[in-house]
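Q: Dumping the structure here so I can ask a few things about it.
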Amino acid sequence: MLFKSEYVDTSKSEKEFFALASDMTNIPALLPEQAINVKASTDTLAFTVQGMGSITLSVSQRVPYSLVQLVPVGKVPFPFVFSIHIASTGDRCRVMFEIDAELNPLMTMMAKRPLQNLVNMMGGEAAKL
């Protein structure tokens, strides 16, 4: 199942935003306040979502100026890919956050709202940059 934010405009160029999104130490600024115990390095991001558990993500792909993809590390309740899409609009860029999750019907009922809220909140934070 695909969860996407709307594309949001930023004040950064695609090169600037790609540099920001490629380094996981910058991503905590985009996470919602429910994300606690955040730890980040250049290639990994770990955090706990209150009421949902802990997760560690690792960068699996960087496509210069257009895409950063992350995958979970370790045991997770369902497989997924988290993507940050970057599109140029001249001297600025637009970004969209996406989670492509393999959910069974029960997990869909439980995770649909939190996953959609996560990508929407991250899009809202990116628009403030």
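Numbering starts fresh at 1 for the residues of each chain in the structure tokens, the chains themselves are lettered A, B, ... in the order given, and ligands are numbered from 1 as they appear.
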What lies within 9 Å of Lys4 (chain A) using only C-alpha atoms, ignoring chain neighbours under 2 positions off, as a PDB file with N, CA and C atoms, in the first residue's frame?

A:
ATOM      1  N   LEU A   2       0.509   2.217  -0.752  1.00  0.00           N
ATOM      2  CA  LEU A   2       1.305   3.426  -0.917  1.00  0.00           C
ATOM      3  C   LEU A   2       0.714   4.577  -0.104  1.00  0.00           C
ATOM      4  N   GLU A   6       1.516  15.186  -0.190  1.00  0.00           N
ATOM      5  CA  GLU A   6       1.425  16.027  -1.376  1.00  0.00           C
ATOM      6  C   GLU A   6       2.832  16.558  -1.664  1.00  0.00           C
ATOM      7  N   TYR A   7       3.103  16.933  -2.896  1.00  0.00           N
ATOM      8  CA  TYR A   7       4.352  17.645  -3.169  1.00  0.00           C
ATOM      9  C   TYR A   7       4.260  19.001  -2.486  1.00  0.00           C
ATOM     10  N   MET A  96       8.285  15.286  -1.942  1.00  0.00           N
ATOM     11  CA  MET A  96       7.178  14.427  -1.566  1.00  0.00           C
ATOM     12  C   MET A  96       7.745  13.248  -0.793  1.00  0.00           C
ATOM     13  N   PHE A  97       7.084  12.876   0.280  1.00  0.00           N
ATOM     14  CA  PHE A  97       7.484  11.745   1.102  1.00  0.00           C
ATOM     15  C   PHE A  97       6.532  10.592   0.828  1.00  0.00           C
ATOM     16  N   GLU A  98       7.087   9.376   0.759  1.00  0.00           N
ATOM     17  CA  GLU A  98       6.280   8.221   0.364  1.00  0.00           C
ATOM     18  C   GLU A  98       6.721   6.989   1.150  1.00  0.00           C
ATOM     19  N   ILE A  99       5.760   6.218   1.588  1.00  0.00           N
ATOM     20  CA  ILE A  99       6.026   4.917   2.203  1.00  0.00           C
ATOM     21  C   ILE A  99       5.289   3.874   1.377  1.00  0.00           C
ATOM     22  N   ASP A 100       6.038   2.909   0.852  1.00  0.00           N
ATOM     23  CA  ASP A 100       5.469   1.793   0.107  1.00  0.00           C
ATOM     24  C   ASP A 100       5.565   0.573   1.021  1.00  0.00           C
ATOM     25  N   GLN A 116       0.088   7.507   7.041  1.00  0.00           N
ATOM     26  CA  GLN A 116      -0.303   8.666   6.244  1.00  0.00           C
ATOM     27  C   GLN A 116      -0.006   9.951   7.008  1.00  0.00           C
ATOM     28  N   VAL A 119       3.880  10.803   6.755  1.00  0.00           N
ATOM     29  CA  VAL A 119       4.345  11.440   5.518  1.00  0.00           C
ATOM     30  C   VAL A 119       3.773  12.852   5.385  1.00  0.00           C
ATOM     31  N   ASN A 120       2.538  13.061   5.817  1.00  0.00           N
ATOM     32  CA  ASN A 120       1.948  14.402   5.759  1.00  0.00           C
ATOM     33  C   ASN A 120       2.689  15.378   6.672  1.00  0.00           C
TER      34      ASN A 120
END

Q: Leaving out Met24 (chain A) and any residue of its chain fewer than 4 positions from it, which residues lie within 9 Å of it when counting only C-alpha atoms, given as JSON, numbers by chain?

A: {"A": [20, 28, 40, 41, 42, 43, 44, 45, 58, 59]}

Q: For the selection you just gave me, I'd like the residues written to a file as a short mmCIF file (atom, residue, chain, number, x, y, z; two decimals), in the first residue's frame, keeping N, CA, C and O atoms.

A:
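Done, and the output landed in out.cif:
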data_model
loop_
_atom_site.label_atom_id
_atom_site.label_comp_id
_atom_site.auth_asym_id
_atom_site.auth_seq_id
_atom_site.Cartn_x
_atom_site.Cartn_y
_atom_site.Cartn_z
N LEU A 20 20.61 17.88 2.07
CA LEU A 20 19.96 17.78 3.37
C LEU A 20 19.37 16.39 3.57
O LEU A 20 19.61 15.74 4.60
N PRO A 28 15.99 14.33 11.52
CA PRO A 28 15.20 14.54 12.75
C PRO A 28 14.41 15.84 12.77
O PRO A 28 13.33 15.90 13.36
N ALA A 40 20.91 9.49 14.80
CA ALA A 40 21.15 9.55 13.36
C ALA A 40 22.64 9.60 13.07
O ALA A 40 23.42 10.19 13.82
N SER A 41 23.01 8.96 11.97
CA SER A 41 24.35 9.09 11.40
C SER A 41 24.14 9.44 9.93
O SER A 41 23.00 9.58 9.48
N THR A 42 25.19 9.54 9.18
CA THR A 42 25.04 9.89 7.77
C THR A 42 24.11 8.93 7.03
O THR A 42 23.29 9.35 6.22
N ASP A 43 24.22 7.63 7.33
CA ASP A 43 23.47 6.61 6.58
C ASP A 43 22.33 5.94 7.33
O ASP A 43 21.59 5.15 6.74
N THR A 44 22.16 6.20 8.64
CA THR A 44 21.10 5.54 9.39
C THR A 44 20.32 6.52 10.25
O THR A 44 20.84 7.56 10.66
N LEU A 45 19.09 6.14 10.51
CA LEU A 45 18.19 6.94 11.34
C LEU A 45 17.41 5.98 12.22
O LEU A 45 16.78 5.05 11.71
N SER A 58 17.93 2.60 7.13
CA SER A 58 19.23 2.77 6.49
C SER A 58 19.04 3.22 5.05
O SER A 58 18.13 2.73 4.36
N VAL A 59 19.88 4.13 4.60
CA VAL A 59 19.79 4.59 3.21
C VAL A 59 20.12 3.42 2.29
O VAL A 59 21.16 2.77 2.44
#

Q: To test your reading of the structure, identify every residue in chain A that backbone DSSP assigns to strand (DSSP E), and report it as a ChimeraX atom specification.

A: /A:2-4,8-9,35-40,44-49,53-63,67-73,80-88,93-101

Q: Do you know which residues are at most 8 Å from Val95 (chain A) counting only C-alpha atoms, after dropping those on the same chain fewer than 5 positions away, and could you put them as number ranges by chain?

A: A: 7-10, 84-87, 123, 126

Q: Can those selected residues be exported to a file as a PDB file, in the first residue's frame so that it contains N, CA, C and O atoms?

A:
ATOM      1  N   TYR A   7       3.103  16.933  -2.896  1.00  0.00           N
ATOM      2  CA  TYR A   7       4.352  17.645  -3.169  1.00  0.00           C
ATOM      3  C   TYR A   7       4.260  19.001  -2.486  1.00  0.00           C
ATOM      4  O   TYR A   7       3.229  19.670  -2.560  1.00  0.00           O
ATOM      5  N   VAL A   8       5.315  19.386  -1.779  1.00  0.00           N
ATOM      6  CA  VAL A   8       5.338  20.690  -1.118  1.00  0.00           C
ATOM      7  C   VAL A   8       6.522  21.492  -1.648  1.00  0.00           C
ATOM      8  O   VAL A   8       7.569  20.937  -1.967  1.00  0.00           O
ATOM      9  N   ASP A   9       6.328  22.784  -1.743  1.00  0.00           N
ATOM     10  CA  ASP A   9       7.388  23.674  -2.200  1.00  0.00           C
ATOM     11  C   ASP A   9       8.332  23.984  -1.045  1.00  0.00           C
ATOM     12  O   ASP A   9       7.901  24.140   0.097  1.00  0.00           O
ATOM     13  N   THR A  10       9.613  24.059  -1.370  1.00  0.00           N
ATOM     14  CA  THR A  10      10.611  24.466  -0.377  1.00  0.00           C
ATOM     15  C   THR A  10      11.332  25.695  -0.901  1.00  0.00           C
ATOM     16  O   THR A  10      11.208  26.049  -2.074  1.00  0.00           O
ATOM     17  N   ILE A  84      12.064   9.735  -0.371  1.00  0.00           N
ATOM     18  CA  ILE A  84      11.961  11.192  -0.427  1.00  0.00           C
ATOM     19  C   ILE A  84      12.198  11.565  -1.890  1.00  0.00           C
ATOM     20  O   ILE A  84      13.297  11.361  -2.417  1.00  0.00           O
ATOM     21  N   HIS A  85      11.160  12.064  -2.547  1.00  0.00           N
ATOM     22  CA  HIS A  85      11.243  12.457  -3.955  1.00  0.00           C
ATOM     23  C   HIS A  85      11.477  13.964  -4.034  1.00  0.00           C
ATOM     24  O   HIS A  85      10.797  14.732  -3.339  1.00  0.00           O
ATOM     25  N   ILE A  86      12.393  14.358  -4.890  1.00  0.00           N
ATOM     26  CA  ILE A  86      12.753  15.772  -5.050  1.00  0.00           C
ATOM     27  C   ILE A  86      12.575  16.145  -6.517  1.00  0.00           C
ATOM     28  O   ILE A  86      13.084  15.452  -7.396  1.00  0.00           O
ATOM     29  N   ALA A  87      11.867  17.233  -6.781  1.00  0.00           N
ATOM     30  CA  ALA A  87      11.637  17.684  -8.152  1.00  0.00           C
ATOM     31  C   ALA A  87      12.012  19.159  -8.267  1.00  0.00           C
ATOM     32  O   ALA A  87      11.621  19.974  -7.430  1.00  0.00           O
ATOM     33  N   GLY A 123       6.054  16.246   5.208  1.00  0.00           N
ATOM     34  CA  GLY A 123       5.873  17.213   4.121  1.00  0.00           C
ATOM     35  C   GLY A 123       5.646  18.600   4.661  1.00  0.00           C
ATOM     36  O   GLY A 123       6.205  19.581   4.159  1.00  0.00           O
ATOM     37  N   ALA A 126       8.969  19.960   5.832  1.00  0.00           N
ATOM     38  CA  ALA A 126       9.841  20.296   4.697  1.00  0.00           C
ATOM     39  C   ALA A 126       9.431  21.623   4.074  1.00  0.00           C
ATOM     40  O   ALA A 126      10.277  22.395   3.630  1.00  0.00           O
TER      41      ALA A 126
END

Q: Would you please work out which residue, of A:Glu16, A:Glu33, A:Glu102, A:Glu125, is nearest to Phe47 (chain A) when using only C-alpha atoms?

A: A:Glu33

Q: Hey, what's within 6 Å of Gln69 (chain A) if we count only C-alpha atoms and toss same-chain stuff fewer than 6 positions away? As a list in words, please?

A: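 Here the answer would be Val59, Ser60, Gln61, Phe82 and Ser83 of chain A.
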
Q: Would you kindly return, as a list in words, each protein, DNA or RNA residue with an atom no farther than 8 Å from any atom of Asp91 (chain A), considering only C-alpha atoms and excluding same-chain residues fewer than 6 positions away?

A: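 Once the adjacent positions are removed, what remains is Lys12, Ser13 and Glu14 of chain A.
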
Q: Keeping only N, CA and C atoms, take the residues you just selected and write them out as a compact mmCIF listing (two decimals), in the first residue's frame.

A:
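Now in selection_10.txt:
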# COMPACT_ATOMS: atom_id res chain seq x y z
N LYS A 12 14.54 25.74 -0.96
CA LYS A 12 15.85 25.21 -1.32
C LYS A 12 15.86 24.73 -2.77
N SER A 13 17.05 24.73 -3.38
CA SER A 13 17.19 24.13 -4.70
C SER A 13 17.20 22.62 -4.55
N GLU A 14 17.05 21.89 -5.65
CA GLU A 14 17.06 20.43 -5.55
C GLU A 14 18.41 19.93 -5.05

Q: Which is closer to Leu115 (chain A) than all the others in A:Val71, A:Leu57, A:Ala101, A:Val63, using only C-alpha atoms?

A: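 Nearest candidate to Leu115 (chain A) out of A:Val71, A:Leu57, A:Ala101, A:Val63: A:Ala101.
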
Q: What is the distance between CA of Pro32 (chain A) and CA of Arg92 (chain A), in Å to one decimal?

A: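 Between these atoms lies a distance of 23.9 Å.
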
Q: Among region 2-71 of chain A, which residues carry a DSSP assignment of alpha helix (DSSP H), reported as an MDAnalysis selection string?

A: chainID A and resid 14:22

Q: Write the residues of the preceding selection, restricted to N, CA, C and O atoms, as a PDB file, in the first residue's frame.

A:
ATOM      1  N   GLU A  14      17.050  21.890  -5.652  1.00  0.00           N
ATOM      2  CA  GLU A  14      17.062  20.429  -5.555  1.00  0.00           C
ATOM      3  C   GLU A  14      18.410  19.926  -5.050  1.00  0.00           C
ATOM      4  O   GLU A  14      18.479  18.951  -4.311  1.00  0.00           O
ATOM      5  N   LYS A  15      19.504  20.614  -5.393  1.00  0.00           N
ATOM      6  CA  LYS A  15      20.825  20.204  -4.898  1.00  0.00           C
ATOM      7  C   LYS A  15      20.924  20.423  -3.398  1.00  0.00           C
ATOM      8  O   LYS A  15      21.446  19.579  -2.666  1.00  0.00           O
ATOM      9  N   GLU A  16      20.414  21.556  -2.903  1.00  0.00           N
ATOM     10  CA  GLU A  16      20.454  21.836  -1.469  1.00  0.00           C
ATOM     11  C   GLU A  16      19.587  20.846  -0.686  1.00  0.00           C
ATOM     12  O   GLU A  16      20.002  20.322   0.340  1.00  0.00           O
ATOM     13  N   PHE A  17      18.388  20.582  -1.200  1.00  0.00           N
ATOM     14  CA  PHE A  17      17.505  19.669  -0.478  1.00  0.00           C
ATOM     15  C   PHE A  17      18.037  18.242  -0.548  1.00  0.00           C
ATOM     16  O   PHE A  17      17.952  17.495   0.435  1.00  0.00           O
ATOM     17  N   PHE A  18      18.605  17.856  -1.677  1.00  0.00           N
ATOM     18  CA  PHE A  18      19.191  16.519  -1.780  1.00  0.00           C
ATOM     19  C   PHE A  18      20.320  16.360  -0.764  1.00  0.00           C
ATOM     20  O   PHE A  18      20.422  15.327  -0.095  1.00  0.00           O
ATOM     21  N   ALA A  19      21.152  17.377  -0.623  1.00  0.00           N
ATOM     22  CA  ALA A  19      22.240  17.319   0.359  1.00  0.00           C
ATOM     23  C   ALA A  19      21.672  17.161   1.767  1.00  0.00           C
ATOM     24  O   ALA A  19      22.180  16.362   2.562  1.00  0.00           O
ATOM     25  N   LEU A  20      20.612  17.878   2.070  1.00  0.00           N
ATOM     26  CA  LEU A  20      19.963  17.784   3.371  1.00  0.00           C
ATOM     27  C   LEU A  20      19.368  16.386   3.574  1.00  0.00           C
ATOM     28  O   LEU A  20      19.609  15.744   4.599  1.00  0.00           O
ATOM     29  N   ALA A  21      18.600  15.898   2.599  1.00  0.00           N
ATOM     30  CA  ALA A  21      17.900  14.618   2.735  1.00  0.00           C
ATOM     31  C   ALA A  21      18.833  13.417   2.651  1.00  0.00           C
ATOM     32  O   ALA A  21      18.501  12.347   3.144  1.00  0.00           O
ATOM     33  N   SER A  22      19.990  13.574   2.046  1.00  0.00           N
ATOM     34  CA  SER A  22      20.939  12.466   1.909  1.00  0.00           C
ATOM     35  C   SER A  22      21.674  12.165   3.207  1.00  0.00           C
ATOM     36  O   SER A  22      22.204  11.079   3.381  1.00  0.00           O
TER      37      SER A  22
END
